Structures are given as structure tokens and as C-alpha cells.
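Here's run.pdb, which has PDB, C-alpha atoms:
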```pdb
ATOM      1  CA  MET A   3       0.000   0.000   0.000
ATOM      2  CA  THR A   4       1.387   3.378  -0.990
ATOM      3  CA  ILE A   5       0.630   6.529   0.985
ATOM      4  CA  LYS A   6       0.671   9.734  -0.970
ATOM      5  CA  ILE A   7       1.733  12.891   0.832
ATOM      6  CA  LYS A   8       0.378  16.126  -0.534
ATOM      7  CA  HIS A   9       2.587  19.188  -0.904
ATOM      8  CA  ALA A  10       0.729  20.964   1.875
ATOM      9  CA  ASP A  11       1.262  17.978   4.207
ATOM     10  CA  THR A  12       4.982  17.964   3.399
ATOM     11  CA  ALA A  13       5.224  21.627   4.290
ATOM     12  CA  LEU A  14       3.496  21.026   7.619
ATOM     13  CA  ILE A  15       5.821  18.114   8.459
ATOM     14  CA  LEU A  16       8.912  20.178   7.645
ATOM     15  CA  ALA A  17       7.615  23.085   9.693
ATOM     16  CA  ALA A  18       6.956  20.810  12.680
ATOM     17  CA  ALA A  19      10.426  19.257  12.421
ATOM     18  CA  LEU A  20      12.005  22.688  12.234
ATOM     19  CA  SER A  21      10.013  23.808  15.267
ATOM     20  CA  ILE A  22      11.155  20.787  17.314
ATOM     21  CA  SER A  23      14.774  21.284  16.245
ATOM     22  CA  THR A  24      14.654  24.966  17.176
ATOM     23  CA  ALA A  25      13.074  24.181  20.542
ATOM     24  CA  ASN A  26      15.789  21.618  21.324
ATOM     25  CA  ALA A  27      18.514  24.059  20.372
ATOM     26  CA  GLN A  28      16.986  26.727  22.576
ATOM     27  CA  THR A  29      16.701  24.257  25.452
ATOM     28  CA  ASN A  30      20.361  23.292  25.111
ATOM     29  CA  ALA A  31      21.432  26.894  24.880
ATOM     30  CA  THR A  32      19.254  27.854  27.811
ATOM     31  CA  GLY A  33      20.610  24.927  29.818
ATOM     32  CA  THR A  34      24.102  26.335  29.465
ATOM     33  CA  GLN A  35      23.215  30.021  29.702
ATOM     34  CA  ALA A  36      20.811  29.555  32.618
ATOM     35  CA  TYR A  37      23.486  28.079  34.887
ATOM     36  CA  PRO A  38      23.519  29.033  37.649
ATOM     37  CA  ALA A  39      19.780  29.475  38.104
ATOM     38  CA  LYS A  40      19.914  29.070  41.910
ATOM     39  CA  PRO A  41      22.490  29.131  44.736
ATOM     40  CA  VAL A  42      25.329  26.618  44.626
ATOM     41  CA  ARG A  43      26.406  24.612  47.690
ATOM     42  CA  VAL A  44      30.070  23.962  48.446
ATOM     43  CA  LEU A  45      30.563  21.229  51.033
ATOM     44  CA  VAL A  46      33.566  21.333  53.356
ATOM     45  CA  GLY A  47      34.494  18.103  55.114
ATOM     46  CA  PHE A  48      35.819  19.799  58.236
ATOM     47  CA  ALA A  49      34.502  22.058  60.983
ATOM     48  CA  PRO A  50      34.362  25.862  60.537
ATOM     49  CA  GLY A  51      37.578  27.803  61.090
ATOM     50  CA  GLY A  52      40.033  25.417  59.446
ATOM     51  CA  GLY A  53      42.045  26.065  56.302
ATOM     52  CA  THR A  54      39.601  24.314  53.949
ATOM     53  CA  ASP A  55      36.751  26.344  55.375
ATOM     54  CA  ILE A  56      38.686  29.598  55.016
ATOM     55  CA  VAL A  57      39.424  29.031  51.325
ATOM     56  CA  ALA A  58      35.838  28.003  50.562
ATOM     57  CA  ARG A  59      34.461  31.127  52.236
ATOM     58  CA  VAL A  60      36.934  33.480  50.559
ATOM     59  CA  VAL A  61      35.853  32.164  47.154
ATOM     60  CA  ALA A  62      32.154  32.041  48.080
ATOM     61  CA  GLN A  63      32.164  35.631  49.272
ATOM     62  CA  LYS A  64      33.370  36.903  45.901
ATOM     63  CA  MET A  65      31.378  34.596  43.623
ATOM     64  CA  PRO A  66      27.989  36.406  43.488
ATOM     65  CA  ALA A  67      29.429  39.480  41.769
ATOM     66  CA  ILE A  68      30.668  37.469  38.778
ATOM     67  CA  PHE A  69      28.637  34.273  39.088
ATOM     68  CA  GLY A  70      25.203  35.792  39.455
ATOM     69  CA  GLN A  71      24.183  33.527  42.355
ATOM     70  CA  GLN A  72      25.140  32.923  45.956
ATOM     71  CA  MET A  73      27.699  30.229  46.763
ATOM     72  CA  LEU A  74      26.817  28.724  50.134
ATOM     73  CA  VAL A  75      29.445  26.960  52.246
ATOM     74  CA  GLU A  76      28.148  23.959  54.182
ATOM     75  CA  ASN A  77      30.318  22.206  56.770
ATOM     76  CA  ARG A  78      29.812  18.436  56.998
ATOM     77  CA  ALA A  79      32.621  17.397  59.319
ATOM     78  CA  GLY A  80      33.476  13.824  60.212
ATOM     79  CA  ALA A  81      35.258  10.654  59.132
ATOM     80  CA  SER A  82      38.305  12.559  57.878
ATOM     81  CA  SER A  83      36.101  14.454  55.378
ATOM     82  CA  ASN A  84      34.683  11.201  53.951
ATOM     83  CA  ILE A  85      31.115  12.187  54.901
ATOM     84  CA  ALA A  86      31.119  15.362  52.823
ATOM     85  CA  THR A  87      33.030  13.701  50.009
ATOM     86  CA  GLU A  88      30.519  10.858  49.757
ATOM     87  CA  LEU A  89      27.591  13.290  49.756
ATOM     88  CA  VAL A  90      29.024  15.171  46.788
ATOM     89  CA  ALA A  91      29.997  11.974  44.966
ATOM     90  CA  LYS A  92      26.354  10.843  45.137
ATOM     91  CA  SER A  93      24.821  14.242  44.321
ATOM     92  CA  ALA A  94      23.198  15.114  41.021
ATOM     93  CA  PRO A  95      25.835  16.180  38.458
ATOM     94  CA  ASP A  96      24.154  19.510  37.793
ATOM     95  CA  GLY A  97      26.706  21.951  39.197
ATOM     96  CA  TYR A  98      24.691  22.850  42.284
ATOM     97  CA  THR A  99      26.571  20.679  44.802
ATOM     98  CA  LEU A 100      30.358  20.995  44.866
ATOM     99  CA  LEU A 101      33.177  19.975  47.205
ATOM    100  CA  MET A 102      36.207  21.836  48.459
ATOM    101  CA  GLY A 103      38.333  18.718  48.377
ATOM    102  CA  THR A 104      41.662  18.212  50.093
ATOM    103  CA  ILE A 105      44.701  15.986  50.050
ATOM    104  CA  VAL A 106      42.860  13.875  52.631
ATOM    105  CA  ALA A 107      40.135  12.392  50.405
ATOM    106  CA  PHE A 108      42.059  12.851  47.164
ATOM    107  CA  GLY A 109      45.518  11.792  48.263
ATOM    108  CA  THR A 110      45.753   9.800  51.466
ATOM    109  CA  ALA A 111      42.334   8.228  52.120
ATOM    110  CA  PRO A 112      42.567   5.584  49.350
ATOM    111  CA  SER A 113      45.545   4.036  51.153
ATOM    112  CA  LEU A 114      44.469   4.725  54.726
ATOM    113  CA  PHE A 115      40.989   3.239  54.592
ATOM    114  CA  SER A 116      40.282  -0.343  53.551
ATOM    115  CA  LYS A 117      36.925   0.713  52.136
ATOM    116  CA  LEU A 118      35.766   4.112  50.899
ATOM    117  CA  PRO A 119      32.173   4.979  49.944
ATOM    118  CA  PHE A 120      33.481   6.818  46.882
ATOM    119  CA  ASP A 121      36.202   6.634  44.259
ATOM    120  CA  PRO A 122      38.280   9.847  44.310
ATOM    121  CA  VAL A 123      39.043   9.540  40.602
ATOM    122  CA  LYS A 124      35.962   7.970  38.994
ATOM    123  CA  ASP A 125      33.287   9.736  41.070
ATOM    124  CA  PHE A 126      34.486  13.322  40.575
ATOM    125  CA  ALA A 127      35.050  15.926  37.917
ATOM    126  CA  PRO A 128      37.982  18.155  38.982
ATOM    127  CA  ILE A 129      37.471  21.885  38.406
ATOM    128  CA  THR A 130      40.670  23.521  39.676
ATOM    129  CA  GLN A 131      43.190  23.323  42.461
ATOM    130  CA  THR A 132      42.684  26.357  44.688
ATOM    131  CA  VAL A 133      45.660  26.645  47.046
ATOM    132  CA  SER A 134      48.803  24.990  48.318
ATOM    133  CA  VAL A 135      49.282  25.316  52.056
ATOM    134  CA  ASN A 136      52.397  25.463  54.177
ATOM    135  CA  ASN A 137      52.315  23.117  57.161
ATOM    136  CA  LEU A 138      53.875  24.037  60.491
ATOM    137  CA  ILE A 139      54.999  22.252  63.605
ATOM    138  CA  VAL A 140      53.843  24.457  66.475
ATOM    139  CA  VAL A 141      54.017  24.058  70.240
ATOM    140  CA  HIS A 142      52.205  25.605  73.177
ATOM    141  CA  PRO A 143      54.526  27.558  75.510
ATOM    142  CA  VAL A 144      53.741  25.040  78.261
ATOM    143  CA  LEU A 145      55.801  22.416  76.429
ATOM    144  CA  PRO A 146      59.487  22.610  77.464
ATOM    145  CA  ALA A 147      60.663  22.361  73.855
ATOM    146  CA  LYS A 148      60.985  25.585  71.891
ATOM    147  CA  THR A 149      62.999  24.144  68.989
ATOM    148  CA  LEU A 150      62.746  21.030  66.841
ATOM    149  CA  LYS A 151      65.933  19.657  68.372
ATOM    150  CA  MET A 152      64.508  20.104  71.867
ATOM    151  CA  LEU A 153      61.221  18.473  70.803
ATOM    152  CA  VAL A 154      62.985  15.392  69.458
ATOM    153  CA  ALA A 155      65.103  15.096  72.602
ATOM    154  CA  LEU A 156      62.043  15.438  74.849
ATOM    155  CA  ALA A 157      60.068  12.882  72.827
ATOM    156  CA  LYS A 158      62.906  10.383  73.156
ATOM    157  CA  GLN A 159      62.994  10.953  76.916
ATOM    158  CA  ARG A 160      59.204  10.528  77.184
ATOM    159  CA  PRO A 161      58.177   8.088  74.419
ATOM    160  CA  GLY A 162      54.425   8.103  73.740
ATOM    161  CA  GLU A 163      53.725  10.735  76.398
ATOM    162  CA  ILE A 164      53.599  13.827  74.178
ATOM    163  CA  ASN A 165      50.280  14.277  72.367
ATOM    164  CA  TYR A 166      50.019  16.039  69.026
ATOM    165  CA  ALA A 167      46.874  17.429  67.385
ATOM    166  CA  THR A 168      45.801  17.394  63.746
ATOM    167  CA  SER A 169      42.628  18.248  61.843
ATOM    168  CA  GLY A 170      41.823  14.549  61.417
ATOM    169  CA  VAL A 171      42.938  11.037  60.582
ATOM    170  CA  GLY A 172      44.621  11.019  57.186
ATOM    171  CA  SER A 173      44.936  14.786  57.090
ATOM    172  CA  SER A 174      48.041  16.437  55.719
ATOM    173  CA  GLY A 175      49.091  17.241  59.276
ATOM    174  CA  HIS A 176      48.634  13.628  60.348
ATOM    175  CA  LEU A 177      50.766  12.321  57.486
ATOM    176  CA  ALA A 178      53.376  15.031  58.089
ATOM    177  CA  ALA A 179      53.573  14.002  61.745
ATOM    178  CA  GLU A 180      53.771  10.275  61.058
ATOM    179  CA  LEU A 181      56.450  10.833  58.440
ATOM    180  CA  PHE A 182      58.407  12.943  60.931
ATOM    181  CA  LYS A 183      58.020  10.302  63.654
ATOM    182  CA  LYS A 184      59.625   7.764  61.363
ATOM    183  CA  THR A 185      62.288  10.174  60.118
ATOM    184  CA  ALA A 186      63.320  11.361  63.589
ATOM    185  CA  GLY A 187      62.815   8.007  65.336
ATOM    186  CA  ILE A 188      60.396   9.291  67.973
ATOM    187  CA  ASN A 189      57.061   8.179  69.406
ATOM    188  CA  ILE A 190      54.356  10.831  69.895
ATOM    189  CA  THR A 191      50.600  10.203  70.228
ATOM    190  CA  HIS A 192      48.009  11.388  67.707
ATOM    191  CA  ILE A 193      44.883  13.271  68.832
ATOM    192  CA  ALA A 194      42.556  13.675  65.827
ATOM    193  CA  TYR A 195      39.967  16.454  65.606
ATOM    194  CA  LYS A 196      37.132  17.144  63.164
ATOM    195  CA  GLY A 197      38.929  20.062  61.577
ATOM    196  CA  GLY A 198      41.605  22.642  62.246
ATOM    197  CA  GLY A 199      39.149  25.010  63.922
ATOM    198  CA  GLN A 200      38.444  22.558  66.731
ATOM    199  CA  ALA A 201      42.056  21.481  67.052
ATOM    200  CA  ILE A 202      43.405  25.002  67.454
ATOM    201  CA  ILE A 203      41.055  25.663  70.387
ATOM    202  CA  ASP A 204      42.510  22.811  72.445
ATOM    203  CA  VAL A 205      46.072  23.593  71.416
ATOM    204  CA  ILE A 206      45.763  27.250  72.459
ATOM    205  CA  ALA A 207      44.256  26.108  75.756
ATOM    206  CA  GLY A 208      47.269  23.864  76.310
ATOM    207  CA  HIS A 209      45.257  20.633  76.367
ATOM    208  CA  VAL A 210      47.377  19.311  73.500
ATOM    209  CA  PRO A 211      50.872  20.861  73.483
ATOM    210  CA  LEU A 212      51.966  19.984  69.943
ATOM    211  CA  TYR A 213      50.223  20.696  66.630
ATOM    212  CA  PHE A 214      50.990  19.726  63.043
ATOM    213  CA  ALA A 215      48.891  22.389  61.365
ATOM    214  CA  GLY A 216      48.117  24.295  58.233
ATOM    215  CA  ILE A 217      49.716  27.692  58.576
ATOM    216  CA  SER A 218      46.429  29.497  57.901
ATOM    217  CA  THR A 219      44.897  28.421  61.213
ATOM    218  CA  THR A 220      47.942  29.307  63.318
ATOM    219  CA  VAL A 221      49.326  32.637  62.057
ATOM    220  CA  PRO A 222      47.083  34.901  64.218
ATOM    221  CA  HIS A 223      47.941  32.905  67.342
ATOM    222  CA  LEU A 224      51.658  32.923  66.542
ATOM    223  CA  LYS A 225      51.575  36.703  66.227
ATOM    224  CA  ALA A 226      49.717  36.926  69.544
ATOM    225  CA  GLY A 227      52.396  34.799  71.233
ATOM    226  CA  LYS A 228      49.963  32.041  72.151
ATOM    227  CA  LEU A 229      51.840  29.457  70.097
ATOM    228  CA  ILE A 230      55.426  28.976  68.904
ATOM    229  CA  ALA A 231      56.334  27.798  65.396
ATOM    230  CA  ILE A 232      59.414  25.564  65.433
ATOM    231  CA  ALA A 233      59.540  24.271  61.842
ATOM    232  CA  VAL A 234      57.896  24.285  58.404
ATOM    233  CA  THR A 235      57.155  20.858  56.903
ATOM    234  CA  THR A 236      57.343  22.042  53.298
ATOM    235  CA  GLY A 237      60.439  22.083  51.069
ATOM    236  CA  LYS A 238      61.000  25.822  51.384
ATOM    237  CA  ARG A 239      60.386  28.486  54.007
ATOM    238  CA  SER A 240      57.084  30.331  54.113
ATOM    239  CA  SER A 241      56.977  33.918  52.855
ATOM    240  CA  VAL A 242      54.642  34.663  55.777
ATOM    241  CA  LEU A 243      57.064  33.272  58.395
ATOM    242  CA  PRO A 244      60.490  33.552  56.742
ATOM    243  CA  ASP A 245      62.339  33.145  60.038
ATOM    244  CA  VAL A 246      60.910  29.680  60.678
ATOM    245  CA  PRO A 247      63.286  27.014  59.270
ATOM    246  CA  THR A 248      62.215  23.909  57.384
ATOM    247  CA  VAL A 249      62.443  20.440  58.903
ATOM    248  CA  ALA A 250      64.987  19.578  56.209
ATOM    249  CA  GLU A 251      67.196  22.506  57.237
ATOM    250  CA  LEU A 252      67.153  21.329  60.839
ATOM    251  CA  GLY A 253      68.878  18.043  60.145
ATOM    252  CA  TYR A 254      66.340  15.932  58.241
ATOM    253  CA  PRO A 255      67.170  16.380  54.540
ATOM    254  CA  GLY A 256      64.563  15.145  52.087
ATOM    255  CA  TYR A 257      61.672  15.544  54.520
ATOM    256  CA  GLU A 258      58.677  17.313  52.922
ATOM    257  CA  ALA A 259      54.890  17.286  53.393
ATOM    258  CA  VAL A 260      52.618  19.711  51.479
ATOM    259  CA  ASN A 261      48.901  20.356  51.901
ATOM    260  CA  TRP A 262      46.475  21.461  49.162
ATOM    261  CA  TYR A 263      42.787  22.092  48.438
ATOM    262  CA  GLY A 264      40.756  22.052  45.242
ATOM    263  CA  LEU A 265      37.219  22.406  43.898
ATOM    264  CA  MET A 266      35.380  19.284  42.685
ATOM    265  CA  ALA A 267      32.027  18.447  41.104
ATOM    266  CA  PRO A 268      30.306  15.063  40.817
ATOM    267  CA  ALA A 269      31.369  12.963  37.829
ATOM    268  CA  GLY A 270      29.156  13.542  34.814
ATOM    269  CA  THR A 271      28.731  17.272  35.390
ATOM    270  CA  PRO A 272      28.364  18.867  31.921
ATOM    271  CA  ARG A 273      31.569  20.383  30.581
ATOM    272  CA  PRO A 274      30.019  23.856  30.031
ATOM    273  CA  ILE A 275      29.258  23.996  33.753
ATOM    274  CA  ILE A 276      32.789  22.856  34.657
ATOM    275  CA  ASP A 277      34.209  25.502  32.339
ATOM    276  CA  ARG A 278      32.027  28.235  33.833
ATOM    277  CA  LEU A 279      33.032  27.337  37.386
ATOM    278  CA  HIS A 280      36.691  27.066  36.376
ATOM    279  CA  ARG A 281      36.659  30.476  34.731
ATOM    280  CA  ASP A 282      34.991  32.275  37.639
ATOM    281  CA  VAL A 283      36.859  30.562  40.489
ATOM    282  CA  THR A 284      40.309  30.902  38.907
ATOM    283  CA  GLY A 285      39.509  34.534  38.149
ATOM    284  CA  ILE A 286      38.862  35.129  41.843
ATOM    285  CA  LEU A 287      42.003  33.276  42.943
ATOM    286  CA  LYS A 288      44.172  35.282  40.534
ATOM    287  CA  SER A 289      42.779  38.654  41.603
ATOM    288  CA  PRO A 290      45.336  40.774  43.534
ATOM    289  CA  ASP A 291      43.151  41.218  46.623
ATOM    290  CA  THR A 292      42.405  37.502  46.934
ATOM    291  CA  THR A 293      46.048  36.602  46.363
ATOM    292  CA  LYS A 294      47.108  39.038  49.080
ATOM    293  CA  LEU A 295      44.455  37.786  51.503
ATOM    294  CA  LEU A 296      45.348  34.118  51.080
ATOM    295  CA  THR A 297      49.105  34.657  51.002
ATOM    296  CA  GLU A 298      48.961  36.536  54.300
ATOM    297  CA  GLN A 299      47.429  33.393  55.802
ATOM    298  CA  GLY A 300      50.151  31.114  54.485
ATOM    299  CA  MET A 301      48.265  29.877  51.434
ATOM    300  CA  ASP A 302      49.595  30.068  47.890
ATOM    301  CA  PRO A 303      46.765  30.451  45.335
ATOM    302  CA  THR A 304      47.331  27.607  42.856
ATOM    303  CA  THR A 305      45.073  27.201  39.834
ATOM    304  CA  SER A 306      45.066  24.482  37.189
ATOM    305  CA  THR A 307      43.031  23.179  34.280
ATOM    306  CA  PRO A 308      40.521  20.436  35.097
ATOM    307  CA  GLU A 309      42.713  17.957  33.205
ATOM    308  CA  ALA A 310      45.929  18.958  34.980
ATOM    309  CA  PHE A 311      44.185  18.837  38.345
ATOM    310  CA  GLY A 312      42.900  15.338  37.591
ATOM    311  CA  GLU A 313      46.409  14.127  36.778
ATOM    312  CA  TYR A 314      47.773  15.773  39.923
ATOM    313  CA  ILE A 315      45.214  13.906  42.051
ATOM    314  CA  LYS A 316      46.320  10.596  40.534
ATOM    315  CA  SER A 317      49.972  11.410  41.242
ATOM    316  CA  GLU A 318      49.177  12.361  44.858
ATOM    317  CA  ILE A 319      47.323   9.089  45.453
ATOM    318  CA  ALA A 320      50.341   7.156  44.154
ATOM    319  CA  LYS A 321      52.849   9.237  46.167
ATOM    320  CA  TRP A 322      51.072   8.915  49.507
ATOM    321  CA  ALA A 323      50.342   5.237  48.931
ATOM    322  CA  ARG A 324      54.092   4.635  49.018
ATOM    323  CA  VAL A 325      54.549   6.749  52.143
ATOM    324  CA  ILE A 326      51.638   5.168  53.995
ATOM    325  CA  LYS A 327      52.790   1.663  53.137
ATOM    326  CA  ASP A 328      56.310   2.498  54.267
ATOM    327  CA  ILE A 329      55.048   3.925  57.558
ATOM    328  CA  GLY A 330      52.589   1.058  58.030
ATOM    329  CA  LEU A 331      49.747   3.451  58.800
ATOM    330  CA  LYS A 332      46.059   2.533  58.774
ATOM    331  CA  ALA A 333      43.021   4.497  59.898
ATOM    332  CA  ASN A 334      41.244   3.182  62.985
TER     333      ASN A 334
END
```
Before anything else, please render the file you have as C-alpha cells.
Amino acid sequence: MTIKIKHADTALILAAALSISTANAQTNATGTQAYPAKPVRVLVGFAPGGGTDIVARVVAQKMPAIFGQQMLVENRAGASSNIATELVAKSAPDGYTLLMGTIVAFGTAPSLFSKLPFDPVKDFAPITQTVSVNNLIVVHPVLPAKTLKMLVALAKQRPGEINYATSGVGSSGHLAAELFKKTAGINITHIAYKGGGQAIIDVIAGHVPLYFAGISTTVPHLKAGKLIAIAVTTGKRSSVLPDVPTVAELGYPGYEAVNWYGLMAPAGTPRPIIDRLHRDVTGILKSPDTTKLLTEQGMDPTTSTPEAFGEYIKSEIAKWARVIKDIGLKAN
């Protein structure tokens, strides 16, 4: 059976097809142009007041002017940032739930924990690294060790008796401390907190006399004389505290532990959204006022392409896997 289509019918069919095609194109264009159509959440896996929280809030404060929507920082502390990381990994890939990730979930956790509720590579779309952070070894004045040499000597006299604080199990500070324990041949006891903000409170109060910390949480208290910085764990001295020597300078060559943060989205987030976030966030980080603000707190603004950041995460996982295996460290 043959169906004959009249000229008028053909015209109607073509017009309908054109209408559908145009509508789809407009929807696609609107989908890209409309983002963001509502506020965006950035989850932080640690308590307020720590370095991760500071960076997230500095970026969030400046985003509305160029982004067109609020960026809301939400603290979901616990499980060495695994709670917040899992929440973002399982969120809709629409650009409205992001993570200020750290070396913890995206560097050390894969080797520290036997099981993770997320895959740091497969479950995320990297946007950009945000900062690199100098780590410090600081002591409360109550501790009778005002230099690294004195600390090592005291720890050898009192093995296991000196407690040290960090922002959590698997944190950069924790790994820096464990690496130093092995390097110096000492035994000190780890006290893990749910973020740098909580840790610094107990350290200032003298409840925990030793702290392996991100410089951003300690600078104000160092200036106030409440704490004493005895060494930097990074490969070079900090521009903020140029008089504080590195661990390597003080007799432990080759020792180095660096902290970093970066912005992530769930895997599958459309590339136009990733590109928009990358453009706006890196623009903020490169602005002179933001650079000055972060540098004064011991953070070096560090941006990267999504691809370069993804490769860096893979290299960090491999690097810390070797260190953790060598130390024999496992999360409780």
C-alpha cells in the first residue's frame, strides 16, 4: 500500500520538524546560559575555622558578583572528610553541589581506609586546584621544647607521652607528623579532631601541646604569642614566616609534606558547567586582593586546568600510597 503525501502535508511536516529542532537548540542553549539558576552549595568536610573552610568562604564571598548567584558553604565534618566527600559523589551532576576537596580524600584516604564509599578519581570531575598550604609544627609555651631539636630530645625521653593534634585522621598534618616520627625516630601520640578550627582551640588552651597544622589556622595565634612555630614541613620556608626554618634545614634532609585544596564536582557534570566554574573561580584566585588575603594566611593560590588537576590527584594518590605503606599506617 502506498501513501501519498500532498505538498501541503509535506510543508506542515517540515515546519513541525524545524520547530522541534529549534526548541531543542533553545533548550540546550538555555541549559548552558541559565546556569547558575539558583544558589550553589560547596561542602567542606571539616569544621568551621580550618584552612579548607577559610578558602571556601573566601571564594564564596566573591562569587555572586561574577557568578550571578550565591555560593553557600556547608560544613559536613566527620570521618576525615569522607562524609562530605561521599555526599558530593552521590549528588546530582548539575553543578549545584560541589566539594572543596583536600589531600585527605584525594591523596591519602585511598591508602588509609580499607573501604571508601566513593572513588576519588571515577566519582568526581575536577574543576581547579585552589591553594597549596604550608604546614607548620607548632608548640604551646607550656611544652618545654621551643625548637625542633629540643622536641625530638624530649620525645625520646618521654616516648608516647607527648600528644600532638591534627585536623583529622589522614589529614596532611597527620601524614606530616607520622612521616616525621619515622624520620626522627620518635614516638608521639596522635589526637585527631574534626577540623583545624576545633584542634586550634585545644592547642591554644594547652590541652594538646603539639600541633601539626596548616599555617592558615595558626598565624594569628603565633603573632599573639599564644603558640610557637618551630619548623615548616614544606620544602621551602614560608613567605609569611620567613624566620621559621624547614624540617629539612634542621637536620632531616629530604623531609617534605605539602597540603592542598581544590574544587570538585560530581562525575558527569556537563563540561560547560565545569568551564564556567573554572573560569569564575580561577579569576577570583588570581585577583590581587584575593592573592594578598590568602598569602597573608600562608596559602599560595594555585590554579590548574581540570585535566591537569585530575592528573595531579592521581599522582598524589600514588605518592602517599608509598609513604603510607612504608610507615605502616592505617586508619582506625
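Among the candidates A:Val140, A:Ala178, A:Ile275, A:Ala269, the residue lying nearest to Leu212 of chain A is A:Val140 (atoms considered: all atoms listed in the file).
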For Phe311 of chain A, please output as a compact mmCIF listing (two decimals) with C-alpha atoms, keeping the file's coordinate frame all residues within 12 Å (counting only C-alpha atoms; exclusion window: fewer than 2 positions along the same chain).
```
# COMPACT_ATOMS: atom_id res chain seq x y z
CA GLY A 103 38.33 18.72 48.38
CA PHE A 108 42.06 12.85 47.16
CA VAL A 123 39.04 9.54 40.60
CA PHE A 126 34.49 13.32 40.58
CA ALA A 127 35.05 15.93 37.92
CA PRO A 128 37.98 18.16 38.98
CA ILE A 129 37.47 21.88 38.41
CA THR A 130 40.67 23.52 39.68
CA GLN A 131 43.19 23.32 42.46
CA THR A 132 42.68 26.36 44.69
CA VAL A 133 45.66 26.64 47.05
CA TRP A 262 46.48 21.46 49.16
CA TYR A 263 42.79 22.09 48.44
CA GLY A 264 40.76 22.05 45.24
CA LEU A 265 37.22 22.41 43.90
CA MET A 266 35.38 19.28 42.68
CA HIS A 280 36.69 27.07 36.38
CA THR A 304 47.33 27.61 42.86
CA THR A 305 45.07 27.20 39.83
CA SER A 306 45.07 24.48 37.19
CA THR A 307 43.03 23.18 34.28
CA PRO A 308 40.52 20.44 35.10
CA GLU A 309 42.71 17.96 33.20
CA GLU A 313 46.41 14.13 36.78
CA TYR A 314 47.77 15.77 39.92
CA ILE A 315 45.21 13.91 42.05
CA LYS A 316 46.32 10.60 40.53
CA SER A 317 49.97 11.41 41.24
CA GLU A 318 49.18 12.36 44.86
```
Problem - Shell around His192 of chain A at 12 Å using all atoms listed in the file, local window under 2 positions removed, as number ranges by chain - result: A: 162-173, 175-180, 183, 189-190, 194-195, 201, 210-214, 333-334
Quick one: write out the picked residues with C-alpha atoms as a compact mmCIF listing (two decimals), in the frame of the given file?
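Dumped everything to selection.txt:
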```
# COMPACT_ATOMS: atom_id res chain seq x y z
CA GLY A 162 54.42 8.10 73.74
CA GLU A 163 53.72 10.74 76.40
CA ILE A 164 53.60 13.83 74.18
CA ASN A 165 50.28 14.28 72.37
CA TYR A 166 50.02 16.04 69.03
CA ALA A 167 46.87 17.43 67.39
CA THR A 168 45.80 17.39 63.75
CA SER A 169 42.63 18.25 61.84
CA GLY A 170 41.82 14.55 61.42
CA VAL A 171 42.94 11.04 60.58
CA GLY A 172 44.62 11.02 57.19
CA SER A 173 44.94 14.79 57.09
CA GLY A 175 49.09 17.24 59.28
CA HIS A 176 48.63 13.63 60.35
CA LEU A 177 50.77 12.32 57.49
CA ALA A 178 53.38 15.03 58.09
CA ALA A 179 53.57 14.00 61.74
CA GLU A 180 53.77 10.28 61.06
CA LYS A 183 58.02 10.30 63.65
CA ASN A 189 57.06 8.18 69.41
CA ILE A 190 54.36 10.83 69.90
CA ALA A 194 42.56 13.68 65.83
CA TYR A 195 39.97 16.45 65.61
CA ALA A 201 42.06 21.48 67.05
CA VAL A 210 47.38 19.31 73.50
CA PRO A 211 50.87 20.86 73.48
CA LEU A 212 51.97 19.98 69.94
CA TYR A 213 50.22 20.70 66.63
CA PHE A 214 50.99 19.73 63.04
CA ALA A 333 43.02 4.50 59.90
CA ASN A 334 41.24 3.18 62.98
```
Handout entry: Expected selection from the PyMOL selection byres ((chain A and resi 138) around 8), given as a ChimeraX atom specification
Key = /A:136-137,139-140,213-217,231-235
Would you output that residue set with C-alpha atoms, as a PDB file, in the coordinates of the input?
```pdb
ATOM      1  CA  ASN A 136      52.397  25.463  54.177  1.00  0.00           C
ATOM      2  CA  ASN A 137      52.315  23.117  57.161  1.00  0.00           C
ATOM      3  CA  ILE A 139      54.999  22.252  63.605  1.00  0.00           C
ATOM      4  CA  VAL A 140      53.843  24.457  66.475  1.00  0.00           C
ATOM      5  CA  TYR A 213      50.223  20.696  66.630  1.00  0.00           C
ATOM      6  CA  PHE A 214      50.990  19.726  63.043  1.00  0.00           C
ATOM      7  CA  ALA A 215      48.891  22.389  61.365  1.00  0.00           C
ATOM      8  CA  GLY A 216      48.117  24.295  58.233  1.00  0.00           C
ATOM      9  CA  ILE A 217      49.716  27.692  58.576  1.00  0.00           C
ATOM     10  CA  ALA A 231      56.334  27.798  65.396  1.00  0.00           C
ATOM     11  CA  ILE A 232      59.414  25.564  65.433  1.00  0.00           C
ATOM     12  CA  ALA A 233      59.540  24.271  61.842  1.00  0.00           C
ATOM     13  CA  VAL A 234      57.896  24.285  58.404  1.00  0.00           C
ATOM     14  CA  THR A 235      57.155  20.858  56.903  1.00  0.00           C
TER      15      THR A 235
END
```
Where's the centre, and what are the edge lengths in Å to one decimal, of a box along x, y and z enclosing all listed atoms of segment 230-240 of chain A padded 3 Å per side, as AutoDock Vina command-line options?
```
--center_x 58.2 --center_y 25.6 --center_z 60.0 --size_x 11.6 --size_y 15.5 --size_z 23.8
```
Exercise for the section: Could you list the residues chosen by the PyMOL selection byres ((chain A and resi 80-84) around 7) in this structure as JSON, numbers by chain? Expected result: {"A": [47, 48, 78, 79, 85, 86, 87, 88, 107, 170, 171, 172, 196]}
Problem - Atomic distance atom CA of Thr248 of chain A - atom CA of Gln200 of chain A, expressed in Å with one decimal - result: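 It comes out at 25.6 Å.
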Practice task
Report as a list in words the full result of the PyMOL selection byres ((chain A and resi 110) around 9) when it is applied to this structure.
Solution key: Ile105, Val106, Ala107, Phe108, Gly109, Ala111, Pro112, Ser113, Leu114, Phe115, Gly172, Ser173, Ser174, Leu177, Glu318, Ile319, Lys321, Trp322, Ala323 and Ile326 of chain A
Handout entry: Pairwise distance for atom CA of Tyr98 of chain A and atom CA of Leu74 of chain A, rounded to one decimal in Å
Key = 10.0 Å
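You will find atom CA of Val90 of chain A at 20.9 Å from atom CA of Gly51 of chain A.
Using only C-alpha atoms, the shortest contact distance between Pro222 of chain A and any of A:Thr293, A:Gly300, A:Lys327, A:Asp204 is found at A:Gly300.
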